[in-house]
$ cat input-v8.txt   # compact mmCIF, C-alpha atoms and all ligand atoms
# COMPACT_ATOMS: atom_id res chain seq x y z
CA MET A 804 -2.09 30.06 -57.29
CA SER A 805 -3.65 33.13 -55.68
CA ALA A 806 -1.53 35.27 -53.41
CA MET A 807 -1.78 34.77 -49.66
CA THR A 808 -3.70 37.46 -47.79
CA CYS A 809 -2.34 39.06 -44.61
CA ASP A 810 -4.99 37.25 -42.51
CA GLU A 811 -3.94 33.93 -43.96
CA ALA A 812 -0.29 34.76 -43.46
CA ARG A 813 -0.82 35.72 -39.80
CA LYS A 814 -2.75 32.53 -39.10
CA ARG A 815 -0.03 30.52 -40.79
CA ILE A 816 2.69 32.29 -38.80
CA LEU A 817 0.95 31.59 -35.50
CA GLU A 818 0.60 27.89 -36.35
CA LEU A 819 4.11 27.47 -37.63
CA PRO A 820 6.02 25.00 -35.46
CA ALA A 821 9.04 26.55 -33.80
CA GLY A 822 12.14 26.34 -35.92
CA GLU A 823 10.27 25.44 -39.12
CA ALA A 824 11.13 27.23 -42.35
CA PRO A 825 8.05 28.96 -43.75
CA GLU A 826 8.48 28.11 -47.46
CA ASP A 827 4.90 28.88 -48.44
CA LEU A 828 5.12 32.21 -46.61
CA ALA A 829 8.34 33.37 -48.19
CA SER A 830 6.92 35.39 -51.04
CA HIS A 831 4.33 37.13 -48.83
CA LEU A 832 6.93 38.02 -46.23
CA GLU A 833 9.16 39.50 -48.92
CA GLN A 834 6.40 41.84 -50.01
CA CYS A 835 4.68 42.65 -46.69
CA ALA A 836 6.66 44.44 -43.99
CA ASP A 837 3.93 44.06 -41.34
CA CYS A 838 3.74 40.29 -41.69
CA ALA A 839 7.52 40.08 -41.87
CA ARG A 840 7.67 41.93 -38.53
CA ALA A 841 5.05 39.63 -37.04
CA TYR A 842 7.09 36.66 -38.21
CA GLU A 843 10.32 38.00 -36.73
CA SER A 844 8.58 38.80 -33.48
CA GLN A 845 7.31 35.26 -33.26
CA ARG A 846 10.73 33.85 -33.99
CA ALA A 847 12.03 35.94 -31.09
CA LEU A 848 9.28 34.62 -28.80
CA ASP A 849 10.02 31.03 -29.82
CA GLY A 850 13.71 31.55 -29.14
CA LEU A 851 13.02 33.09 -25.76
CA LEU A 852 10.75 30.22 -24.68
CA ARG A 853 13.22 27.59 -25.78
CA ALA A 854 16.06 29.37 -24.00
CA VAL A 855 14.07 29.51 -20.77
CA GLY A 856 13.25 25.82 -21.02
CA THR A 857 11.46 23.64 -18.48
CA PRO A 858 11.79 24.67 -14.83
CA PRO A 859 14.04 22.62 -12.60
CA VAL A 860 12.59 19.79 -10.56
CA GLU A 861 13.09 20.65 -6.92
CA ALA A 862 12.18 17.32 -5.41
CA ASP A 863 14.58 14.43 -5.90
CA LEU A 864 12.18 11.73 -6.96
CA TRP A 865 14.83 9.18 -7.87
CA PRO A 866 15.19 7.42 -4.48
CA ALA A 867 11.46 6.74 -4.34
CA ILE A 868 11.44 5.56 -7.95
CA ARG A 869 14.55 3.45 -7.46
CA SER A 870 13.02 1.65 -4.49
CA GLN A 871 10.06 0.61 -6.65
CA LEU A 872 12.02 -0.79 -9.58
CA ARG A 873 11.52 -4.52 -9.70
CA PRO A 874 14.57 -6.56 -10.62
CA ARG A 875 14.51 -8.03 -14.08
CA ARG A 876 13.89 -11.76 -14.03
CA LEU A 877 16.12 -14.30 -15.71
CA THR A 878 14.49 -15.11 -19.01
CA TRP A 879 15.07 -18.80 -19.39
CA PRO A 880 13.03 -20.81 -21.81
CA TRP A 881 10.04 -22.24 -20.02
CA VAL A 882 10.99 -25.72 -21.15
CA LEU A 883 13.88 -25.62 -18.69
CA ALA A 884 11.64 -24.87 -15.72
CA PRO A 885 10.96 -28.48 -14.68
CA VAL A 886 14.65 -29.34 -15.02
CA ALA A 887 15.48 -26.30 -12.95
CA GLY A 888 13.03 -27.37 -10.28
CA VAL A 889 14.73 -30.76 -9.96
CA ALA A 890 18.14 -29.11 -9.95
CA ALA A 891 16.97 -26.80 -7.20
CA GLY A 892 16.07 -29.80 -5.10
CA ILE A 893 19.50 -31.31 -5.71
CA GLY A 894 21.08 -27.98 -4.85
CA LEU A 895 19.31 -27.81 -1.53
CA ALA A 896 20.21 -31.42 -0.82
CA LEU A 897 23.85 -30.64 -1.52
CA LEU A 898 23.60 -27.65 0.75
CA PHE A 899 22.43 -29.76 3.66
CA ALA A 900 25.10 -32.35 2.97
CA SER A 901 27.90 -29.85 2.42
CA PRO A 902 30.81 -30.28 4.83
CA THR A 903 32.12 -26.77 4.04
CA VAL A 904 29.21 -25.12 5.77
CA ALA A 905 30.34 -23.71 9.08
CA PRO A 906 28.17 -24.55 12.08
CA THR A 907 27.43 -20.89 12.83
CA SER A 908 26.07 -20.19 9.36
CA GLY A 909 24.78 -23.68 8.98
CA PRO A 910 22.04 -25.10 6.83
CA ALA A 911 19.17 -24.41 9.16
CA PRO A 912 19.14 -20.58 8.79
CA LEU A 913 19.74 -20.90 5.05
CA ALA A 914 16.91 -23.33 4.74
CA ALA A 915 14.73 -20.93 6.66
CA VAL A 916 15.62 -18.19 4.22
CA ALA A 917 14.91 -20.52 1.33
CA MET A 918 11.49 -21.28 2.75
CA ALA A 919 10.79 -17.65 3.39
CA ALA A 920 11.71 -16.58 -0.11
CA PRO A 921 8.64 -17.75 -2.02
CA ALA A 922 6.27 -16.23 0.50
CA GLU A 923 7.15 -12.74 -0.64
CA HIS A 924 6.70 -13.50 -4.29
CA GLY A 925 3.80 -14.42 -6.50
CA ALA A 926 3.26 -17.84 -8.00
CA ASP A 927 5.12 -16.90 -11.18
CA ASP A 928 8.12 -15.80 -9.21
CA LEU A 929 8.38 -19.13 -7.46
CA ASP A 930 9.52 -20.98 -10.55
CA GLU A 931 11.98 -18.28 -11.42
CA ASP A 932 13.41 -18.23 -7.94
CA ALA A 933 13.84 -21.96 -8.21
CA GLN A 934 15.72 -21.39 -11.45
CA ILE A 935 18.11 -18.97 -9.83
CA ILE A 936 18.76 -21.41 -7.02
CA ALA A 937 19.23 -24.18 -9.58
CA TRP A 938 21.73 -22.06 -11.46
CA HIS A 939 23.91 -21.89 -8.40
CA ALA A 940 23.58 -25.61 -7.84
CA ARG A 941 24.61 -26.37 -11.40
CA ALA A 942 27.43 -23.87 -11.38
CA ALA A 943 28.70 -25.59 -8.26
CA ALA A 944 28.39 -29.00 -9.90
CA GLY A 945 30.26 -27.74 -12.97
CA THR A 946 33.23 -26.50 -10.97
CA GLY A 947 33.20 -29.34 -8.50
CA LEU A 948 32.80 -26.81 -5.74
CA PHE A 949 29.77 -25.82 -3.85
CA ASP A 950 29.72 -22.33 -2.50
CA PRO A 951 27.18 -21.93 0.28
CA SER A 952 27.97 -18.26 0.76
CA SER A 953 27.11 -17.45 -2.84
CA MET A 954 23.95 -19.48 -2.40
CA ALA A 955 23.13 -17.63 0.77
CA ILE A 956 23.55 -14.27 -0.93
CA THR A 957 21.19 -15.34 -3.67
CA LEU A 958 18.61 -16.61 -1.24
CA ILE A 959 18.79 -13.50 0.87
CA SER A 960 18.55 -11.32 -2.23
CA LEU A 961 15.46 -13.19 -3.32
CA THR A 962 13.76 -12.44 -0.05
CA GLN A 963 14.64 -8.79 -0.46
CA GLY A 964 13.74 -8.84 -4.12
CA GLY A 965 16.30 -6.38 -5.37
CA SER A 966 19.91 -7.43 -5.39
CA GLU A 967 20.26 -7.63 -9.15
CA LEU A 968 20.12 -3.87 -9.20
CA ASN A 969 22.56 -1.69 -7.43
CA MET B 908 21.44 9.82 -35.85
CA SER B 909 23.05 12.26 -33.43
CA ASP B 910 25.39 11.10 -30.66
CA ARG B 911 22.76 12.12 -28.19
CA ASP B 912 20.14 9.89 -29.84
CA ALA B 913 22.59 7.02 -30.08
CA LEU B 914 23.41 7.34 -26.38
CA GLU B 915 19.73 7.42 -25.53
CA GLU B 916 19.04 4.25 -27.49
CA ASP B 917 21.93 2.58 -25.72
CA LEU B 918 20.56 3.65 -22.34
CA VAL B 919 17.11 2.30 -23.19
CA SER B 920 18.58 -0.98 -24.34
CA ARG B 921 20.64 -1.34 -21.16
CA ALA B 922 17.74 -0.39 -18.91
CA ARG B 923 15.60 -3.01 -20.62
CA LYS B 924 18.14 -5.63 -19.59
CA GLY B 925 17.94 -4.50 -15.99
CA ASP B 926 20.62 -1.81 -15.74
CA ALA B 927 19.28 0.62 -13.15
CA ASP B 928 22.18 3.04 -13.67
CA ALA B 929 21.21 3.40 -17.31
CA PHE B 930 17.63 3.99 -16.24
CA ARG B 931 18.82 6.62 -13.78
CA GLN B 932 20.42 8.46 -16.69
CA LEU B 933 17.19 8.29 -18.64
CA TYR B 934 15.45 9.69 -15.58
CA ASP B 935 17.94 12.56 -15.37
CA ARG B 936 17.41 13.38 -19.03
CA HIS B 937 13.64 13.37 -18.98
CA VAL B 938 12.40 14.17 -15.51
CA GLY B 939 12.43 17.91 -16.22
CA GLY B 940 10.21 17.58 -19.26
CA VAL B 941 7.88 15.05 -17.67
CA TYR B 942 7.58 17.09 -14.49
CA ALA B 943 6.88 20.32 -16.39
CA LEU B 944 4.19 18.60 -18.46
CA ILE B 945 2.33 17.26 -15.43
CA ARG B 946 2.82 20.49 -13.53
CA ALA B 947 1.16 22.29 -16.43
CA SER B 948 -2.12 20.62 -15.48
CA LEU B 949 -1.94 19.89 -11.76
CA ARG B 950 -1.48 22.34 -8.94
CA ASP B 951 -1.11 19.79 -6.16
CA ARG B 952 2.62 19.23 -5.98
CA ASP B 953 2.33 15.96 -4.06
CA MET B 954 0.14 14.62 -6.82
CA VAL B 955 2.59 15.84 -9.45
CA ASP B 956 5.37 13.98 -7.62
CA ASP B 957 3.22 10.85 -7.44
CA VAL B 958 2.35 10.90 -11.13
CA VAL B 959 5.96 11.46 -12.20
CA GLN B 960 7.15 8.63 -9.96
CA MET B 961 4.46 6.28 -11.24
CA ALA B 962 5.37 7.14 -14.81
CA PHE B 963 9.02 6.19 -14.39
CA VAL B 964 8.23 3.04 -12.44
CA ARG B 965 5.73 1.97 -15.07
CA ALA B 966 8.21 2.81 -17.82
CA TRP B 967 10.71 0.45 -16.17
CA ASP B 968 8.11 -2.31 -16.04
CA ARG B 969 7.00 -1.84 -19.63
CA LEU B 970 10.29 -1.08 -21.30
CA GLY B 971 10.10 -4.47 -22.98
CA LYS B 972 7.07 -3.27 -24.91
CA LEU B 973 8.77 -0.19 -26.32
CA ARG B 974 9.56 -1.18 -29.90
CA ASP B 975 11.61 1.84 -30.91
CA ASP B 976 14.34 2.76 -28.44
CA ALA B 977 14.58 6.25 -29.92
CA ALA B 978 10.93 6.85 -29.02
CA PHE B 979 11.52 6.84 -25.25
CA ARG B 980 11.39 10.63 -25.09
CA VAL B 981 7.83 10.80 -26.39
CA TRP B 982 6.74 7.53 -24.79
CA ILE B 983 7.61 8.53 -21.22
CA ARG B 984 5.69 11.80 -21.59
CA GLN B 985 2.70 10.00 -23.05
CA LEU B 986 2.80 7.45 -20.24
CA ALA B 987 2.95 10.18 -17.60
CA ARG B 988 0.08 12.10 -19.08
CA ARG B 989 -2.14 9.03 -19.28
CA ILE B 990 -1.36 8.21 -15.67
CA MET B 991 -2.24 11.77 -14.75
CA VAL B 992 -5.61 11.57 -16.50
CA ASP B 993 -6.32 8.26 -14.70
CA GLU B 994 -5.27 9.67 -11.35
CA ILE B 995 -7.46 12.73 -11.81
CA ARG B 996 -10.40 10.42 -12.39
CA LYS B 997 -9.49 8.12 -9.51
CA ARG B 998 -8.93 10.83 -7.00
CA ARG B 999 -11.80 12.87 -8.38
CA VAL B 1000 -9.55 15.85 -8.34
CA ARG B 1001 -11.44 19.01 -8.82
CA GLU B 1002 -8.73 21.34 -10.01
CA ALA B 1003 -9.84 24.74 -11.19
CA ASP B 1004 -7.61 24.17 -14.18
CA SER B 1005 -8.00 20.44 -14.64
CA LEU B 1006 -8.52 19.07 -18.12
CA GLU B 1007 -12.29 18.82 -17.78
CA GLU B 1008 -12.63 22.56 -17.47
CA ASN B 1009 -13.33 24.99 -20.24
CA GLU B 1010 -9.87 25.86 -21.34
CA GLU B 1011 -10.52 29.57 -21.29
CA ILE B 1012 -11.26 29.45 -17.56
CA GLY B 1013 -8.10 27.79 -16.41
CA ASN B 1014 -6.04 30.78 -15.48
CA VAL B 1015 -4.41 29.79 -12.27
CA ALA B 1016 -1.17 31.27 -11.14
CA VAL B 1017 1.45 28.58 -10.83
CA ASP B 1018 4.25 29.48 -8.47
CA PRO B 1019 7.09 30.69 -10.57
CA ALA B 1020 9.66 28.00 -10.06
CA PRO B 1021 13.20 28.89 -9.22
CA ALA B 1022 15.38 28.34 -12.18
CA PRO B 1023 18.13 25.97 -13.24
CA GLY B 1024 21.84 26.59 -13.18
CA ASP B 1025 22.14 28.34 -16.51
CA ALA B 1026 22.18 32.12 -16.67
CA LEU B 1027 18.87 32.68 -18.42
CA GLY B 1028 17.10 30.01 -16.41
CA ARG B 1029 17.82 31.88 -13.19
CA SER B 1030 17.13 35.30 -14.52
CA GLU B 1031 14.24 37.63 -13.97
CA THR B 1032 13.49 37.18 -17.67
CA ALA B 1033 12.93 33.48 -17.13
CA ALA B 1034 10.65 34.18 -14.18
CA ARG B 1035 8.55 36.57 -16.27
CA VAL B 1036 8.33 34.11 -19.14
CA ARG B 1037 7.27 31.29 -16.81
CA ASP B 1038 4.67 33.54 -15.21
CA ALA B 1039 3.25 34.32 -18.62
CA VAL B 1040 3.10 30.63 -19.54
CA ALA B 1041 1.57 29.79 -16.15
CA GLY B 1042 -1.19 32.29 -16.89
CA LEU B 1043 -2.31 30.46 -20.03
CA PRO B 1044 -5.33 28.13 -19.99
CA ALA B 1045 -4.35 24.55 -19.11
CA HIS B 1046 -4.52 23.07 -22.61
CA GLN B 1047 -2.42 25.85 -24.07
CA ARG B 1048 0.03 25.59 -21.20
CA GLU B 1049 0.56 21.92 -22.01
CA VAL B 1050 1.25 22.61 -25.66
CA VAL B 1051 3.63 25.47 -24.94
CA THR B 1052 5.40 23.44 -22.27
CA LEU B 1053 5.89 20.45 -24.55
CA HIS B 1054 6.69 22.22 -27.78
CA HIS B 1055 8.43 25.42 -26.75
CA LEU B 1056 9.97 24.79 -23.37
CA ASP B 1057 10.71 21.10 -23.82
CA GLY B 1058 11.43 21.12 -27.56
CA ILE B 1059 9.05 18.30 -28.58
CA GLU B 1060 8.03 18.35 -32.26
CA VAL B 1061 4.37 19.22 -32.89
CA LYS B 1062 3.46 15.77 -34.24
CA ALA B 1063 4.84 14.16 -31.11
CA VAL B 1064 2.98 16.71 -28.98
CA ALA B 1065 -0.24 15.49 -30.62
CA GLU B 1066 0.71 11.91 -29.70
CA VAL B 1067 1.49 12.80 -26.11
CA LEU B 1068 -1.77 14.68 -25.68
CA ASP B 1069 -3.88 12.23 -27.70
CA VAL B 1070 -5.33 14.98 -29.87
CA PRO B 1071 -5.20 15.70 -33.61
CA LEU B 1072 -2.31 17.75 -34.94
CA GLY B 1073 -4.72 20.52 -35.95
CA THR B 1074 -5.78 20.88 -32.32
CA VAL B 1075 -2.17 21.26 -31.25
CA LEU B 1076 -1.57 23.93 -33.88
CA SER B 1077 -4.66 25.93 -32.96
CA ARG B 1078 -3.77 25.81 -29.24
CA LEU B 1079 -0.27 26.87 -30.16
CA ALA B 1080 -1.61 29.80 -32.18
CA ARG B 1081 -3.82 31.05 -29.34
CA ALA B 1082 -1.06 30.64 -26.79
CA ARG B 1083 1.40 32.55 -28.95
CA ALA B 1084 -1.00 35.40 -29.54
CA THR B 1085 -1.40 35.75 -25.76
CA LEU B 1086 2.30 35.43 -25.05
CA GLN B 1087 3.11 38.02 -27.71
CA ARG B 1088 0.83 40.47 -25.91
CA LYS B 1089 2.32 39.69 -22.50
CA LEU B 1090 5.95 39.42 -23.47
CA GLY B 1091 6.13 41.61 -26.55
CA GLY B 1092 7.67 44.50 -24.65
CA MET B 1093 10.32 42.28 -23.19
CA MET B 1094 11.31 40.93 -26.60
CA ASN B 1095 11.48 44.43 -28.10
CA GLU B 1096 13.80 45.48 -25.28
CA GLY B 1097 15.86 42.41 -26.00
CA MET B 1098 16.00 43.06 -29.74
CA GLU B 1099 16.83 46.74 -29.37
CA GLY B 1100 19.33 46.15 -26.60
ZN ZN A 1201 0.91 40.61 -44.80

$ encode --input "input-v8.txt" --output "structure tokens" --more "lines below"
Ligand SMILES: [Zn+2]
Amino acid sequence: MSAMTCDEARKRILELPAGEAPEDLASHLEQCADCARAYESQRALDGLLRAVGTPPVEADLWPAIRSQLRPRRLTWPWVLAPVAGVAAGIGLALLFASPTVAPTSGPAPLAAVAMAAPAEHGADDLDEDAQIIAWHARAAAGTGLFDPSSMAITLISLTQGGSELN
Amino acid sequence: MSDRDALEEDLVSRARKGDADAFRQLYDRHVGGVYALIRASLRDRDMVDDVVQMAFVRAWDRLGKLRDDAAFRVWIRQLARRIMVDEIRKRRVREADSLEENEEIGNVAVDPAPAPGDALGRSETAARVRDAVAGLPAHQREVVTLHHLDGIEVKAVAEVLDVPLGTVLSRLARARATLQRKLGGMMNEGMEG
């Protein structure tokens, strides 16, 4: 293999990624003081740049980003969707029939919220919202209790579209 | 795998499941690099803010498509840069140093940004170095920002910028030659002192 010329060595030095060991340059650098100096000088430049790093970000962009993060949807198998729809109906029926609902926070406002919920979502969201409602209904059925306040929180969160995140 | 990488993968995995706190930590880790990259090409700070915000919001939406959790670092930069290119087209931005320009023309002074909390970051040295980088043509500024300031490996830089590795290396070479001329004196002082 023919020896590397100084021009080749300089080009190679300039293209060497920062922090990379120049194995193919080693023998030239041992014999050529000028190229060795150029190499050291570049190492110093690389070190200086890395130490300086990226400038700070003055603006706090997080609040704006945070407000645009859509909540992750429940990922139920699609096959459950029709079942969930039926369960949602039962859940709402139970809600209206529930004796534990206080008159002041009675079924009418909750129902209004429930009706309002889908309007703010797309068609896809509708099924998923129904699933979330159904989940509460089934959880209530499983424990023998029905918790309208938990239901209300879910319904309200659906209209706001963000309660799953904090 | 380093602890840092392991933590990052864990954050990505949690964010994918909907954990906004984990995503906030990913934001904290990467916003500096993403911001610097976009700032290397755009002068309009409002537009820089917009692009960076869009990048993180889109990353949240598409996290399910990221196959390799360890790749977030490169992926978020790539996403941001693609959004920037789209936004430039959409808004028909005519920046003196936008990507369409001959890269030898782009020589626009970027305000030297005030520096971070660490000693060197705040120093006059840092300000001079950032001035020198800001004076490079846009394409070279991007490469130097990604590789040198942000510590992204050259192959990943090529991915972020959608150019061949050889292009990255030749931009790097030209940028270094210029920076050596501008900052050589400073480094000699440093080495002698
Ligand atoms: Zn030589």

$ residues_around --input "input-v8.txt" --residues "B:Thr1052" --least-positions-apart "5" --cutoff "9 Å" --atoms "all atoms listed in the file" --output "list in words"
Leu852, Gly856 and Thr857 of chain A; Gly940, Ala943, Leu944, Ala947, Val1040, Gln1047, Asp1057, Gly1058 and Ile1059 of chain B

$ residues_near_ligand --input "input-v8.txt" --ligand "ligand ZN 1201 (chain A)" --cutoff "12 Å" --atoms "all atoms listed in the file" --output "PyMOL selection string"
chain A and resi 806-816+828-842

$ atom_distance --input "input-v8.txt" --atom1 "atom CA of B:Arg1083" --atom2 "atom CA of B:Val959"
27.3 Å

$ atom_distance --input "input-v8.txt" --atom1 "atom CA of B:Arg974" --atom2 "atom CA of B:Ala913"
15.4 Å

$ closest_residue --input "input-v8.txt" --among "A:Pro820, A:Arg876, A:Trp865, A:Glu843" --to "B:Lys1062" --atoms "all atoms listed in the file"
A:Pro820

$ interface_residues --input "input-v8.txt" --of "chain A" --to "chain B" --cutoff "6 Å" --atoms "all atoms listed in the file" --output "NGL selection string"
:A and (817-818 or 852-853 or 855-860 or 868 or 875)

$ atom_distance --input "input-v8.txt" --atom1 "atom CA of B:Asp975" --atom2 "atom CA of B:Glu916"
8.5 Å

$ residues_near_point --input "input-v8.txt" --point "(16.7, 3.4, -25.7)" --cutoff "7 Å" --atoms "all atoms listed in the file" --output "JSON list (two decimals) with C-alpha atoms, in the coordinates of the input"
[["chain", "number", "residue", "atom", "x", "y", "z"],
["B", 915, "GLU", "CA", 19.73, 7.42, -25.53],
["B", 916, "GLU", "CA", 19.04, 4.25, -27.49],
["B", 917, "ASP", "CA", 21.93, 2.58, -25.72],
["B", 918, "LEU", "CA", 20.56, 3.65, -22.34],
["B", 919, "VAL", "CA", 17.11, 2.30, -23.19],
["B", 920, "SER", "CA", 18.58, -0.98, -24.34],
["B", 976, "ASP", "CA", 14.34, 2.76, -28.44],
["B", 977, "ALA", "CA", 14.58, 6.25, -29.92],
["B", 979, "PHE", "CA", 11.52, 6.84, -25.25]]

$ residues_around --input "input-v8.txt" --residues "B:Met991" --least-positions-apart "4" --cutoff "8 Å" --atoms "only C-alpha atoms" --output "PyMOL selection string"
chain B and resi 945+958+987+995

$ closest_residue --input "input-v8.txt" --among "B:Val1064, B:Leu933, B:Leu914, B:Leu949" --to "B:Val981" --atoms "all atoms listed in the file"
B:Val1064

$ closest_residue --input "input-v8.txt" --among "B:Val1050, B:Arg921, B:Ala1041, B:Arg988" --to "B:Leu970" --atoms "only C-alpha atoms"
B:Arg921
